[in-house]
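Engineer: So that we are looking at the same thing, I have put the structure below in structure tokens.
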Amino acid sequence: MTSTVMQEADDFEPHRRHLRALAYRMLGSRAEAEDTVQDAWLRWHATDRSRVENARAFLSRTVTRLCLDRIKSAQAQREVYVGSWLPEPVVDDEAAFQPGPEAAHELASDLSFAFMLTLERLSPLERAAFLLHDVFDMGFDEIAAALGRSASACRQLASRARANVHASRPAVKVTPDEEQRLAGAFVRALRDGDVDALAQVLAQDATFVSDGGGRVTAVPQPLFGRDQIAKVLIGFARLYDAQVHRTRPARINGLPGFVISTVQGELVQTIALEPGAPGEIKAIYVTRNPDKLQMVAP
């Protein structure tokens with residue numbers, strides 16, 4: 001490696017984590033986020049760096065534009081996606097997808113499925129303006145340069161997005177001890193095949209979302225209500241074979257959950273539990289699509 005390339009890498013690497021965090025929140029895919037950051041590196045390598053005043057702003061603009069291009073093709077794929085869509089799970093290594101200590105806003109650490117699914121409901125430009133300003137602390141003049149819009153237009157985009165995001169955020173913070181208690185009660189009810197016990201740990205208006213992507217069996221549409229979800233989950237639990245499967249606790253997108261694999265190490269699914277009111281699970285997110293499990297350690 002030449003000294004020039006080494007210097008380019010030294011200048012780029014401090015921003016990699018920030019760029020990965022931005023790309024994942026834009027795209028909902030770990031694999032595509034990594035590819036986008038690599039594309040940004042190639043652009044950086046081909047750039048006359050003497051003309052770059054602010055490397056972070058330049059690279060953030062580059063990644064944003066690359067993500068907007070990828071979103072166009074992703075939206076076409078979503079139209080024919082089989083069943084419910086969930087973002088690729090981030091398991092136990094949230095730090096790799098956090099922007100770093102310089103982004104101190106509360107939302108910077110939010111990888112939850114509820115947050116990511118809310119971002120998916122925004123337009124691509126709303127998502128970009130909101131993330132760049134509210135999560136990654138970029139000024140609207142810089143955002144305007146990234147999006148090719150005026151600063152006032154970007155401010156309006158971010159404002160509309162912010163209203164949607166804050167409306168979907170949980171009103172109650174749950175302690176780690178409460179999360180552990182809920183996860184334990186959830187597992188015990190499944191293990192015992194106890195529909196009533198499982199229903200008691202679910203919120204009355206709980207939601208269940210399962211993403212198989214048409215590759216494996218999954219519930220094709222979201223389920224709503226504790227009684228229906230409890231019956232379906234207990235039915236699925238009867239298919240679990242301790243001689244064939246292994247379960248380990250994990251944090252899935254910052255939520256308490258589990259990774260289920262075969263004894264040979266093949267990933268079967270991840271399960272994330274979103275706490276709601278005290279003592280209740282508000283939502284369950286199950287990712288079964290093998291394509292989305294490729295980067296998860298068994």
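Chain labels A, B, ... are given in the sequence in which chains occur in the structure tokens; within each chain residues are numbered consecutively from 1, and ligands are likewise numbered from 1 in the order shown.
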Contacts of Ala144 (chain A) at 12 Å or less, counting only C-alpha atoms, minus same-chain residues fewer than 5 places along, as a list in words?
Structural biologist: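 Everything that qualifies: Ala57, Arg61, Thr64, Arg65, Leu125, Ala128, Ala129, Leu132, His133, Met138, Gly139, Arg149, Ser150, Ala151, Ser152, Ala153, Cys154, Arg155, Gln156, Leu157 and Ala158 of chain A.
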Engineer: Please write the residues from the selection above to a file, keeping N, CA, C and O atoms, as an mmCIF file, in the first residue's frame.
Structural biologist:
```
data_model
loop_
_atom_site.group_PDB
_atom_site.id
_atom_site.type_symbol
_atom_site.label_atom_id
_atom_site.label_comp_id
_atom_site.auth_asym_id
_atom_site.auth_seq_id
_atom_site.Cartn_x
_atom_site.Cartn_y
_atom_site.Cartn_z
ATOM 1 N N ALA A 57 -18.486 15.903 6.745
ATOM 2 C CA ALA A 57 -19.615 16.422 5.980
ATOM 3 C C ALA A 57 -19.588 15.887 4.553
ATOM 4 O O ALA A 57 -20.623 15.481 4.005
ATOM 5 N N ARG A 61 -22.461 13.393 3.055
ATOM 6 C CA ARG A 61 -23.198 13.714 1.827
ATOM 7 C C ARG A 61 -23.076 12.579 0.824
ATOM 8 O O ARG A 61 -24.063 12.191 0.169
ATOM 9 N N THR A 64 -25.170 9.601 1.917
ATOM 10 C CA THR A 64 -26.597 9.907 1.769
ATOM 11 C C THR A 64 -27.037 9.762 0.319
ATOM 12 O O THR A 64 -28.072 9.154 0.021
ATOM 13 N N ARG A 65 -26.262 10.313 -0.599
ATOM 14 C CA ARG A 65 -26.624 10.220 -2.019
ATOM 15 C C ARG A 65 -26.593 8.777 -2.499
ATOM 16 O O ARG A 65 -27.471 8.340 -3.262
ATOM 17 N N LEU A 125 -36.421 11.397 1.150
ATOM 18 C CA LEU A 125 -35.858 12.714 1.475
ATOM 19 C C LEU A 125 -36.172 13.098 2.922
ATOM 20 O O LEU A 125 -35.330 13.696 3.605
ATOM 21 N N ALA A 128 -33.765 11.108 5.073
ATOM 22 C CA ALA A 128 -32.407 11.634 5.015
ATOM 23 C C ALA A 128 -32.287 12.933 5.810
ATOM 24 O O ALA A 128 -31.350 13.109 6.601
ATOM 25 N N ALA A 129 -33.224 13.876 5.617
ATOM 26 C CA ALA A 129 -33.152 15.162 6.311
ATOM 27 C C ALA A 129 -33.246 14.969 7.819
ATOM 28 O O ALA A 129 -32.498 15.591 8.590
ATOM 29 N N LEU A 132 -29.940 13.108 9.166
ATOM 30 C CA LEU A 132 -28.753 13.961 9.121
ATOM 31 C C LEU A 132 -28.814 15.064 10.171
ATOM 32 O O LEU A 132 -27.799 15.391 10.791
ATOM 33 N N HIS A 133 -30.006 15.622 10.391
ATOM 34 C CA HIS A 133 -30.105 16.724 11.353
ATOM 35 C C HIS A 133 -30.320 16.239 12.782
ATOM 36 O O HIS A 133 -29.564 16.577 13.688
ATOM 37 N N MET A 138 -26.106 17.323 11.739
ATOM 38 C CA MET A 138 -25.622 18.096 10.604
ATOM 39 C C MET A 138 -26.515 19.329 10.415
ATOM 40 O O MET A 138 -27.738 19.261 10.588
ATOM 41 N N GLY A 139 -25.922 20.443 10.059
ATOM 42 C CA GLY A 139 -26.672 21.671 9.840
ATOM 43 C C GLY A 139 -27.465 21.628 8.546
ATOM 44 O O GLY A 139 -27.141 20.882 7.620
ATOM 45 N N ARG A 149 -31.619 20.380 -2.220
ATOM 46 C CA ARG A 149 -32.799 21.177 -1.892
ATOM 47 C C ARG A 149 -32.347 22.408 -1.123
ATOM 48 O O ARG A 149 -31.211 22.490 -0.665
ATOM 49 N N SER A 150 -33.232 23.371 -0.954
ATOM 50 C CA SER A 150 -32.891 24.544 -0.157
ATOM 51 C C SER A 150 -32.877 24.168 1.310
ATOM 52 O O SER A 150 -33.469 23.170 1.731
ATOM 53 N N ALA A 151 -32.216 24.988 2.107
ATOM 54 C CA ALA A 151 -32.156 24.734 3.546
ATOM 55 C C ALA A 151 -33.552 24.774 4.159
ATOM 56 O O ALA A 151 -33.876 23.970 5.041
ATOM 57 N N SER A 152 -34.393 25.703 3.726
ATOM 58 C CA SER A 152 -35.752 25.791 4.272
ATOM 59 C C SER A 152 -36.565 24.554 3.904
ATOM 60 O O SER A 152 -37.354 24.049 4.721
ATOM 61 N N ALA A 153 -36.388 24.044 2.690
ATOM 62 C CA ALA A 153 -37.105 22.825 2.292
ATOM 63 C C ALA A 153 -36.640 21.641 3.128
ATOM 64 O O ALA A 153 -37.455 20.800 3.547
ATOM 65 N N CYS A 154 -35.342 21.563 3.399
ATOM 66 C CA CYS A 154 -34.815 20.469 4.238
ATOM 67 C C CYS A 154 -35.330 20.582 5.657
ATOM 68 O O CYS A 154 -35.605 19.573 6.323
ATOM 69 N N ARG A 155 -35.471 21.811 6.138
ATOM 70 C CA ARG A 155 -36.010 22.021 7.485
ATOM 71 C C ARG A 155 -37.447 21.507 7.561
ATOM 72 O O ARG A 155 -37.847 20.872 8.551
ATOM 73 N N GLN A 156 -38.230 21.736 6.526
ATOM 74 C CA GLN A 156 -39.612 21.250 6.494
ATOM 75 C C GLN A 156 -39.654 19.720 6.403
ATOM 76 O O GLN A 156 -40.487 19.073 7.052
ATOM 77 N N LEU A 157 -38.759 19.146 5.598
ATOM 78 C CA LEU A 157 -38.690 17.682 5.497
ATOM 79 C C LEU A 157 -38.398 17.063 6.855
ATOM 80 O O LEU A 157 -39.045 16.101 7.276
ATOM 81 N N ALA A 158 -37.417 17.626 7.556
ATOM 82 C CA ALA A 158 -37.048 17.092 8.865
ATOM 83 C C ALA A 158 -38.174 17.272 9.876
ATOM 84 O O ALA A 158 -38.418 16.399 10.717
#
```
Engineer: Can you list every residue of region 81-102 of chain A that has an atom at most 9 Å from region 27-39 of chain A, with its nearest atom pair and the distance in Å to one decimal, using only C-alpha atoms, ordered by chain then number, as a Markdown table?
Structural biologist:
```
| residue | atom | partner | partner_atom | distance |
| --- | --- | --- | --- | --- |
| A:Leu86 | CA | A:Gly28 | CA | 8.0 |
| A:Pro87 | CA | A:Gly28 | CA | 4.6 |
| A:Glu88 | CA | A:Ser29 | CA | 5.1 |
| A:Pro89 | CA | A:Arg30 | CA | 7.9 |
| A:Val90 | CA | A:Arg30 | CA | 7.6 |
| A:Phe97 | CA | A:Arg30 | CA | 8.8 |
```
Engineer: Which polymer residues have any atom within 8 Å of an atom of region 251-266 of chain A, counting only C-alpha atoms, with same-chain residues fewer than 6 positions away left out, as a PyMOL selection string?
Structural biologist: chain A and resi 89-92+94+110-113+179-180+183+243-245+272-274+298
Engineer: Using only C-alpha atoms for the distances, tell me which of A:Asp69, A:Phe208, A:Asp177, A:Thr62 is nearest to Thr47 (chain A).
Structural biologist: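 Closest residue, counting only C-alpha atoms: A:Thr62.
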Engineer: May I ask which of the residues A:Gly276, A:Glu126, A:Ala40, A:Ser210 is the closest one to Glu178 (chain A), counting only C-alpha atoms?
Structural biologist: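 Of A:Gly276, A:Glu126, A:Ala40, A:Ser210, the one nearest Glu178 (chain A), counting only C-alpha atoms, is A:Gly276.
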Engineer: Which residue, A:Ile284, A:Tyr240, A:Val219, A:Arg226, has the smallest gap to Ala197 (chain A) when you use only C-alpha atoms?
Structural biologist: A:Arg226
Engineer: For Arg20 (chain A), which residue out of A:Gly214, A:Pro124, A:Gly100, A:Pro220 is the nearest one, using only C-alpha atoms?
Structural biologist: A:Gly100
Engineer: If I take CA of Ala189 (chain A) and CA of Ile234 (chain A), how far is one from the other in Å, to one decimal?
Structural biologist: 8.2 Å
Engineer: Just list the residues in region 49-284 of chain A DSSP gives strand (DSSP E or B) on the backbone, as a ChimeraX atom specification.
Structural biologist: /A:91,202-211,223-224,245-252,255-262,267-275,281-284
Engineer: Go through A:Val268, A:Leu19, A:Cys67, A:Ala283 one by one, measure the shortest atom-to-atom distance of each to Phe136 (chain A) using only C-alpha atoms, and give the residue with the smallest value.
Structural biologist: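 Answer, going by the shortest atom-to-atom distance: A:Leu19.
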Engineer: Go through A:Arg248, A:Arg238, A:Arg188, A:Lys282 and flag the residue nearest Ala206 (chain A), using only C-alpha atoms for the distances.
Structural biologist: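 Comparing A:Arg248, A:Arg238, A:Arg188, A:Lys282 against Ala206 (chain A), the winner is A:Lys282.
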Engineer: Output as a VMD selection string all residues of region 7-235 of chain A that backbone DSSP marks as helix (DSSP H, G or I).
Structural biologist: chain A and resid 7 to 27 30 to 45 49 to 51 55 to 79 94 to 97 106 to 109 113 to 121 124 to 135 140 to 147 151 to 167 176 to 192 195 to 201 226 to 235
Engineer: Which polymer residues have any atom within 10 Å of an atom of Thr175 (chain A), counting only C-alpha atoms, with same-chain residues fewer than 5 positions away left out, as a PDB file with C-alpha atoms, in the first residue's frame?
Structural biologist:
```
ATOM      1  CA  GLN A 180     -34.854  -9.644  31.694  1.00  0.00           C
ATOM      2  CA  ARG A 181     -37.963 -10.519  33.685  1.00  0.00           C
ATOM      3  CA  PRO A 275     -41.454  -3.863  26.116  1.00  0.00           C
ATOM      4  CA  PRO A 278     -44.669  -2.217  32.907  1.00  0.00           C
TER       5      PRO A 278
END
```
Engineer: For the atom pair CA of Asp291 (chain A) and CA of Pro249 (chain A), what is the interatomic distance in Å to one decimal place?
Structural biologist: 21.3 Å
